[in-house]
Amino acid sequence: MVGAAALSLEGLVAVDADVARLRRGDTNALSELIARYQNRLYRYLLRIVRQPAEAEDLFQQTWLRVVEKIGSFDASRKFDAWLFTLARNLAIDHLRRVRPRSLDEPLANSRHGETVADRIPSHDDTPLDQALAAERRAELSDAMAELPMMYREVLTLRFEEEMKIEEIAQVTGVPVSTVKSRLRRSLEQLRSALDAPDRGAAWQ
Amino acid sequence: MSEHDTIRELLALAAAGALTPAEEQRVAEHVRSCIACSNELEAWRPIARELRRLPTPQPSSWLVQATLARAEATLAEQAEQDWNRRALIGVVAFSWLLTLASWAVFHEVSERFGSMLAPQFSHPWIGFAFMALEWLAGAAAAVVLAVHQRDERRLA
């Protein structure tokens with residue numbers, strides 16, 4: 001526990017140092033920040049827009065925005081919260097422009113994430129357990145992709161990014177009470193979707 | 001709303017680890033004595049667990065390299081613009097300094113030679129006008145260059 005806290009603190013210090021170097025125009029710092037956040041940022045964008053090509057475009061735009069705005073970054077804030085806020089604003093602008101209804105309504109979509117599922121080492125024991133777990137995750141991923149954007153976002157920030165409720169409120173720009181209510185509703189909708197008869201038996 | 005109903009609404013958030021310590025305590029106490037809520041909480045746990053274990057989609061190395069290249073180009077462009085801005089400020093400041101410094105020289109020269117050419121020559125006013133013209137020319141150049149830079153940035 002102490003070791004994990006120390007590692008986390010070490011990571012924060014490294015990020016602060018990279019941010020300070022990036023302010024001075026150091027391209028190595030930029031490279032290190034991209035390497036550090038590339039998976040998290042891409043996953044977040046993909047959860048929001050659901051289409052890999054759009055997520056890739058937004059990924060590039062977000063880092064360009066970071067470079068443009070790093071001078072105005074408030075060093076008292078957490079860099080990842082600021083980064084996700086920039087990405088969120090770009091993603092929402094994009095959705096408003098490209099698919100105005102997608103902010104509120106689910107969109108029929110193919111499975112996302114499953115193409116890389118095989119790359120992720122599984123913690124399940126037997127081959128049968130692994131197969132069931134993979135099926136459960138595929139169903140979960142599908143059910144999540146069918147939720148409205150605000151619900152997908154709060155789920156990925158809480159469970160995948162492991163952000164605290166206060167941090168999610170900071171990124172999304174809404175009160176803590178709204179984050180909690182969105183999180184509860186998103187989980188309820190997700191569970192309803194998983195309980196639907198047309199879903200496989202992996203969750204039954 | 002009864003305590004049972006209130007707690008029921010908190011169970012999904014409890015599984016998500018999104019409750020305050022006081023709420024957690026309240027849920028824990030209720031769940032110890034309420035089998036229905038205890039079962040409901042257990043039903044939420046696998047969803048929360050699997051959400052944490054969803055596969056992480058990864059950006060391609062091509063995307064990362066392309067992003068880095070574009071961002072580095074933007075950084076270089078910004079650095080050049082900053083340098084140009086600083087150089088412009090420096091040049092304008094230097095020209096104004098020269099103008100101020102030249103005042104003493106002009107005063108001395110005009111006093112010596114102006115009075116020889118025409119005794120009624122009012123050299124302080126001529127010097128002042130000359131200096132004002134230089135200042136105006138410097139300011140106009142700064143404005144023109146700043147507008148030009150802004151247009152360049154807009155086009156980029």
# chains A, B, ... in the order shown; residues from 1 in each chain; ligands from 1
>>> closest_atom_pairs(of="chain B", to="chain A", cutoff="12 Å", atoms="only C-alpha atoms", output="tab-separated table")
residue	atom	partner	partner_atom	distance
B:Arg8	CA	A:Arg184	CA	11.1
B:Glu9	CA	A:Arg184	CA	8.0
B:Leu10	CA	A:Arg184	CA	8.0
B:Leu11	CA	A:Arg184	CA	8.8
B:Ala12	CA	A:Arg184	CA	6.0
B:Leu13	CA	A:Arg184	CA	6.0
B:Ala14	CA	A:Arg184	CA	9.7
B:Ala15	CA	A:Leu187	CA	9.9
B:Ala16	CA	A:Phe159	CA	7.6
B:Gly17	CA	A:Lys164	CA	8.9
B:Ala18	CA	A:Ile165	CA	6.5
B:Leu19	CA	A:Lys180	CA	8.7
B:Thr20	CA	A:Ile165	CA	9.9
B:Glu40	CA	A:Arg191	CA	11.8
B:Ala43	CA	A:Arg191	CA	9.5
B:Trp44	CA	A:Arg191	CA	8.3
B:Arg45	CA	A:Leu187	CA	11.1
B:Pro46	CA	A:Trp203	CA	8.9
B:Ile47	CA	A:Arg191	CA	7.7
B:Ala48	CA	A:Phe159	CA	7.4
B:Arg49	CA	A:Phe159	CA	8.5
B:Glu50	CA	A:Arg137	CA	6.6
B:Leu51	CA	A:Phe159	CA	5.9
B:Arg52	CA	A:Phe159	CA	4.9
B:Arg53	CA	A:Glu160	CA	7.7
B:Leu54	CA	A:Arg137	CA	6.1
B:Pro55	CA	A:Ala117	CA	5.3
B:Thr56	CA	A:Arg43	CA	6.4
B:Pro57	CA	A:Gly113	CA	5.3
B:Gln58	CA	A:Asn39	CA	5.3
B:Pro59	CA	A:Tyr42	CA	6.2
B:Ser60	CA	A:Glu56	CA	9.0
B:Ser61	CA	A:Gln38	CA	10.0
B:Trp62	CA	A:Glu56	CA	10.4
B:Leu63	CA	A:Glu56	CA	7.0
B:Val64	CA	A:Gln38	CA	7.6
B:Gln65	CA	A:Ser31	CA	9.2
B:Ala66	CA	A:Gln60	CA	8.0
B:Thr67	CA	A:Gln60	CA	5.1
B:Leu68	CA	A:Ser31	CA	6.6
B:Ala69	CA	A:Ser31	CA	9.6
B:Arg70	CA	A:Leu64	CA	7.4
B:Ala71	CA	A:Leu64	CA	5.3
B:Glu72	CA	A:Thr27	CA	6.2
B:Ala73	CA	A:Leu64	CA	9.6
B:Thr74	CA	A:Leu64	CA	7.2
B:Leu75	CA	A:Gly25	CA	6.4
B:Ala76	CA	A:Gly25	CA	7.9
B:Glu77	CA	A:Glu68	CA	10.4
B:Gln78	CA	A:Glu68	CA	8.1
B:Ala79	CA	A:Gly25	CA	7.2
B:Glu80	CA	A:Gly25	CA	10.9
B:Asp82	CA	A:Gly25	CA	10.8
>>> atom_distance(atom1="atom CA of Arg50 of chain A", atom2="atom CA of Lys69 of chain A")
26.1 Å
>>> closest_residue(among="B:Leu97, B:Val109, B:Cys37, B:Arg150", to="Glu134 of chain B", atoms="only C-alpha atoms")
B:Leu97
>>> residues_around(residues="Val91 of chain B", least_positions_apart="6", cutoff="10 Å", atoms="only C-alpha atoms", output="NGL selection string")
:B and (85 or 97 or 138 or 142)
>>> atom_distance(atom1="atom CA of Ser192 of chain A", atom2="atom CA of Glu146 of chain A")
11.7 Å
>>> atom_distance(atom1="atom CA of Ala53 of chain A", atom2="atom CA of Ser72 of chain A")
29.3 Å
>>> closest_residue(among="A:Ala75, A:Leu58, A:Ile168, A:Arg182", to="Ala17 of chain A", atoms="only C-alpha atoms")
A:Ala75
